[in-house]
Structure formats: C-alpha cells, structure tokens
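Input: a single structure, listed below in structure tokens.
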Amino acid sequence: MHHQFRSPEGPIEVTVAKQGQVWYLGDLEATLMLDGRLRLVNPNGQVMFAHAAKVGDVWWVHCQGHTFNLERIEAGATDSDDGGGLTAPMPGKVLEVLVSVGQNVTAGTTLMILEAMKMEHRIVAATDGLVRAVNFSAGDQVEQGVALLALDES
Amino acid sequence: MVSKVLVANRGEIACRILRACNEAGLASVAIYAENDASSMFIELASEAVQLNGDTIASTYLDQQQILSIATSTGADAIHPGFGFLSERADFARAVGQAGLQWIGPSPEAIEQMGDKMTARITMRAAGVPVIPGEEIEHEDEADALAAIESASHRVGYPMLLKASSGGGGKGMRAVHSPSELIEAAKGARREAIAAFGDGRVYVERLLTGSKHVEIQVLADRHGRTIHLGERECSVQRRHQKVFEEAPCATMTPELREAMGQAAVSAAEAVDYEGAGTVEFLLAPTGEFFFLEMNTRIQVEHPVTELITGVDLVREQLRIAAGEPMSCGPLMIRGHAIEVRLYAEDASNNFLPAIGPLAVFRPPEGPGVRLDTGVREGDDVTPNYDPMLAKLIVWAPSRTEALERMRRALDEFVVLGTTTNLRFLRELCDEEEVTSGNTDTTTIDRLWPNGWQPSVPRGIEDAALMVAAVSESAGLHRQAFSTSSEEGPISPFATLNRRFP
C-alpha cells in the first residue's frame, strides 16, 4: 500500500506490502501487537517496539527514543499556502506592533511581539522586504496559524 | 492543629501536595478554574470547588474567593504550592487574619525576601555576599529607564535586568551592549507588570561561567533551622531551569558547610519558618553570591528528597501544625537528577506547543520518580505553564544516575504534542553534563544557533514504516473503539450481593 508523508525536503513516498500477518518495507519487517504497538525487526535481527497515534492527518510515532510527527498527504491534496512564515506560532495576544505598512525592513527585524503562555515571542522578518500588510494591532487576540503580517521579499 | 488543607494551586504541584495530605491522613480541598474541571489534581482531593472567573487573575489569583472557599469548606490551612499566590505576603497575611494556618513562612519573611531588592539589602546586612549591582526603586517608566541607563555605566556589561518581584525567568533580560538596553528594559518591565503587577526592575552584573547552586533549608517553631545540602540547577534556558541535580558534581564538604551556614543565616535573619531555598551563584573561584531566597516549596525539591530521605512537603505540613520537624542529622546518599518535560518545540526555538496527549507513557522501574499533573487523553492548552512533568531518577552514583536518566528518557513516550524529550535525552550525552562542568551558559554555548535532533536514518525509515503500516492497517479507526459494547441498556445489568 502506498502513502505520502510531508517532509521539509518534499513528499516522502512509502510503499508497504503485507504477507500473512507480516508487513514489509525494504528489509524491515513489522507485526502489529495486541496492545496497538508495532514490533519491527531490521536485517541485523534488532527488534524495535514502536508506538503510533494519529491526530488529524498526522501520525505520531515513537521509536527507539525518537518521536516523529509525519503528516500524511491525502491523495489528491495539493500543497497550499505558506505566506512567508509570518503566522502566529501559538494562540496568544499581540503586545506590540513595531512596523507599519509600506515600511522597508531588513532580515532579523522584530516586526511584532506576541504574548503566549505568559512569555513574549518576537515575530522576526526572515528576509529583507517591504511590509505589505499588518493584520492585527496591539491588544488583539490571535489564533494559532493566522497570518499576522505580509512581507514582500526584496 | 492542621486537619484540612486547601491547596491553592493546580497541576503537578497540587498533585504532589494533595498526595502528601492523603498520606498524612489530612482532609484536603482542591480549587479549580473551569478549564481545569477534568484535571488530575481534582481527583486526588477529598473535595473540590470550582472557582468563578475565566482569567488567572479571577481564579487562582483571586484571594477573596479562595479565602471564602476555605471558610465554607472548613479548611484550617492553606498550602500555596509554587507560583500563583505562593510568594504573596498580602495573601499570607489575609490567610492568618482569617484564622487559618498559612503553610509557609510569615508574611514579613516573604516581604523581605520576595522583593528582590529588599532581599539584597537584608542579606548584605546579615553578612551574606550579594552580586554586584544596583537597586532601582522608580515605578514611573521614564524615571526607571533613565535610572537603569545611569546604573548601567557603573555596573558594566554584560548585565542582567531583573524584576524586583520576579521569578521563573519572567521579567528578566540579559543585556550585552548599550544598544540593547532600552528595548530590554521595556520588555522586562512589561513582562513584570503583566506577571506580577510591579514593573520595578534592578540591575545586576551578569556573572558568566558561574554555577547556579541552591541550598534547601527547613525551619520549625522549636528553634531548629537546618540546611539539607545543595542542588545544582546550572543548566538553564532563558533562566528557566531544565536539568537539576543533587549533589552538585563539584561540591566539597567544606564548601557545602560554608554555603549551608550562609543559607541558615539568611533564613534566621528573617525568622524563617517551613521549607525554603537560598539560591547562590557559585563562581569558578569558589566564591558564592546570594541570588535570592524562594520562600516556598520549589519545583526541583524532589532531588533533595531522593538524596536526603526527607519528605519536604510532609515536613511543611508538620511544621505548619506546630510540630518539630522529623528529620535527623543531614545524610546524603547517592545522586539524583531531575529533568523538566515541557510541551515545547526544542528544534524551533523552544516555542511552546499545544495538542492532545494521545499517548502518555512515562518510564518505570528502579530509581524512577515521575511528578506530573497530566495523564493520557488530556489536552495541553495555552492557558497555563507548558511544564508537563518532572522526571526524577536516583542512583548510587552520578554516572549511574545519568545512565538511568538516559534509559528512562528512551522509555518515555509522548505522542500528540511536541515535547523537549529528545532535547533532554541528547543533553545527557553532552560532555559538559557527563563531566559535571555545567554552568548557566551551557545551553547557549552548546547550541548557539538552536538545537536540532540528530536522527539516525534507520530509525527515521522505521518511523515512516510504522506510520504507513498503521495507516494501512486502520489503527486510527480501531483506537478507543468500544462500539461492540454499546447497545440498549439492559434491565438485567444489576449488581446484587446477598449475604447469608
């Protein structure tokens, strides 16, 4: 069976096969356990136990002390917006807006200060650019993921 | 007499205190905000009362509301835990005036120590060395900024701006050059006003290369004030402790005695009662300087409990009831390490994370203790501090304690919310940590450009396979499914015990 997972370098294609109760991927073998874990065996005979849980489209996997979150790309879905990364990383409150529309900024400039979980977080320009939009003002509550500002790269 | 304790806190520390009450046979009252209605600590109390209000200020910080719940439930003592109202002298005073026992030191001691500037002055008078710096009393923003600017020339860079009412890294800023000063001072003031309602900020020399070493003290009403040795908490990020241990790897018996005596003098200078912690910076020269005294139980108290065999919360309850503390002479055995599990993305500038705890399986086995306020199925929300749990291990030696911590962290499974688990695990392999030569700049020096996990390719492939197999096998559809049990309610579903 074929699946795609998102990664920073682009989609990763994974095809697994099943024979009897055993799943195969290259030289890895996996079996499902009664408690919902997976038992994996690699070609060296090393046995690994993995936990998995799905939240939304994301498979969370724990294996050998490492935790992964692998977002599954549904067949037919397209890569959507990114918006320059000036989105709220957390739900929180806008404390201060340090730039205005039409202003030229350099990479590293603090554009906005948010407060979330009682700590301050700075929204910083990743590149040089021109501020095209400022979507919130001081005191506004923002949801996670909303676009706070728009920056045209220069 | 103490017979019924109201715990004016939530989460992990509320669980710790409520368990101590249960062990001591004391009745207990939990108070909770609406968004905590299904939190674990409520289950550990003999009764629980919901607070009215939807902000922290109108719930866990609402003194009048908490006092009226104490009265209406018949509680005779209040344990404040840490954070929230734990270092509020006005609350400690109001508790006493309401005829209830405050589990902690007197309001006067809290005042003298809680205001960091007053504490510096008190300690200087008691002969305890303090960090070079200047107190600045101005409340007005313009006056304060001018005074900070002026003090900066005398104190010198790098320096630290600290909120006089501060704690937990809030309202604190390191300043390395004059150009950063004003923005840092404004930020520190703003954070301090938001967190403590007091914007006063003072200036201290930033002593780089120092260890953060603190001494646990206990004092009762029978004339006994003792120290329980040190904890080292040098490994900090943004002044938030991450990795704490006892004893300090480089401690000598002579230095422990000197620091212990200084801590006892500090406590005696304010007629201290109960459990408290005197924090010092320990310079590479062996000189130590008073940082502050925390007049409450501390997050990292378990490491002291594990090496001394003293149950600090139980002693707090005993001392508040007017009994003498039960511990004998100081005995230190083995080594203990605590790490703080935070819901945060260590690979993305430690940004706090939220999400469901779809799987939460803490490690088990010898020498492992977990203090937490969450369990599998809970949601991590942005409403409160992102600390999920404290994982504490004990072993006969420091080397074995680190080995045990690595094993325990490898066993710890948290899925659904990003945590700093892997960061903590890799920290245990760093040479500075294994050799015990950590100082307060360790994390910044080890990862100046931020931390990224190193993942072996084989493990990543295995994880991709697990995700693909789990999806193919429909594991997400089977999870938590109890549908086969459902059906019309049977009239025969009864329980009937007949005894002859």
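Residues in the structure tokens are named by chain (A, B, ... in the order shown) and by number from 1 within that chain; ligands are numbered from 1 in the order shown.
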Do me a favour and pick out the residues of chain B within 8 Å of chain A, using only C-alpha atoms, as an MDAnalysis selection string. chainID B and resid 170 191 195 351:353 358:359 382:386 409:416 422 455 459 462:470 472 475:476
Give me the residues near Gly367 (chain B) as a ChimeraX atom specification, where near means some atom within 9 Å (using only C-alpha atoms) and where sequence neighbours in that chain fewer than 4 positions away do not count. /B:392-395,401,404
Excluding Ala14 (chain B) and its own-chain neighbours fewer than 6 positions away, which residues fall within 10 Å of it when counting only C-alpha atoms? Please give them as a PyMOL selection string. chain B and resi 6-8+20+30-31+40-42+44-45+79-82+372-373
From the DSSP assignment of the backbone, select every residue of region 242-274 of chain B that is strand (DSSP E), and format the answer as a PyMOL selection string. chain B and resi 242-246+274
Minimum-distance residue to Thr442 (chain B), chosen among B:Thr417, B:Asn52, B:Ser234, B:Thr250 (using only C-alpha atoms): B:Ser234
Find the residues near Ala389 (chain B): any atom within 6 Å, counting only C-alpha atoms, skip ones fewer than 2 places away on the same chain, and give them as a PDB file with C-alpha atoms, in the first residue's frame.
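File produced: part_13.pdb:
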ATOM      1  CA  LEU B 341       9.417  17.804  30.447  1.00  0.00           C
ATOM      2  CA  ASP B 371       5.760  14.042  39.290  1.00  0.00           C
ATOM      3  CA  THR B 372       3.096  15.173  36.874  1.00  0.00           C
ATOM      4  CA  MET B 387       5.613  22.052  32.023  1.00  0.00           C
TER       5      MET B 387
END
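Going from CA of Cys428 (chain B) to CA of Gly169 (chain B) covers 23.1 Å.
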Skip Gly129 (chain A) itself and residues of its chain fewer than 5 positions away, then list as an MDAnalysis selection string all residues within 9 Å of it, counting only C-alpha atoms. chainID A and resid 103:107 151:154
If we count only C-alpha atoms and set the cut-off at 6 Å, which residues sit around region 124-135 of chain B, ignoring sequence neighbours fewer than 2 positions away in its own chain? Please answer as number ranges by chain. B: 117, 121-122, 155, 202-205, 289-290
Those residues you just picked out, can you put them in a file as a PDB file, in the first residue's frame with N, CA and C atoms?
ATOM      1  N   MET B 117      14.919  43.363  45.673  1.00  0.00           N
ATOM      2  CA  MET B 117      15.798  44.461  46.072  1.00  0.00           C
ATOM      3  C   MET B 117      15.926  44.525  47.586  1.00  0.00           C
ATOM      4  N   ILE B 121      19.303  43.922  50.191  1.00  0.00           N
ATOM      5  CA  ILE B 121      19.694  44.822  51.275  1.00  0.00           C
ATOM      6  C   ILE B 121      19.749  44.051  52.604  1.00  0.00           C
ATOM      7  N   THR B 122      18.727  43.188  52.829  1.00  0.00           N
ATOM      8  CA  THR B 122      18.681  42.389  54.059  1.00  0.00           C
ATOM      9  C   THR B 122      19.895  41.459  54.148  1.00  0.00           C
ATOM     10  N   VAL B 155      27.566  49.541  36.643  1.00  0.00           N
ATOM     11  CA  VAL B 155      27.549  48.084  36.811  1.00  0.00           C
ATOM     12  C   VAL B 155      28.378  47.423  35.715  1.00  0.00           C
ATOM     13  N   TYR B 202      15.702  45.925  38.568  1.00  0.00           N
ATOM     14  CA  TYR B 202      17.015  46.370  39.044  1.00  0.00           C
ATOM     15  C   TYR B 202      18.121  45.750  38.201  1.00  0.00           C
ATOM     16  N   VAL B 203      19.326  46.191  38.468  1.00  0.00           N
ATOM     17  CA  VAL B 203      20.460  45.851  37.604  1.00  0.00           C
ATOM     18  C   VAL B 203      21.491  45.052  38.387  1.00  0.00           C
ATOM     19  N   GLU B 204      21.945  43.946  37.789  1.00  0.00           N
ATOM     20  CA  GLU B 204      22.978  43.130  38.409  1.00  0.00           C
ATOM     21  C   GLU B 204      24.045  42.817  37.387  1.00  0.00           C
ATOM     22  N   ARG B 205      25.263  42.674  37.827  1.00  0.00           N
ATOM     23  CA  ARG B 205      26.324  42.221  36.954  1.00  0.00           C
ATOM     24  C   ARG B 205      26.017  40.781  36.540  1.00  0.00           C
ATOM     25  N   PHE B 289      27.698  33.934  45.758  1.00  0.00           N
ATOM     26  CA  PHE B 289      26.932  35.170  45.949  1.00  0.00           C
ATOM     27  C   PHE B 289      25.453  34.838  46.080  1.00  0.00           C
ATOM     28  N   PHE B 290      24.793  35.497  47.021  1.00  0.00           N
ATOM     29  CA  PHE B 290      23.345  35.337  47.198  1.00  0.00           C
ATOM     30  C   PHE B 290      22.609  35.831  45.947  1.00  0.00           C
TER      31      PHE B 290
END
To one decimal place in Å, what is the distance between CA of Glu214 (chain B) and CA of Leu61 (chain B)? 27.5 Å
Interatomic distance between CA of Ala267 (chain B) and CA of Val2 (chain B)?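 Those two atoms sit 23.7 Å apart.
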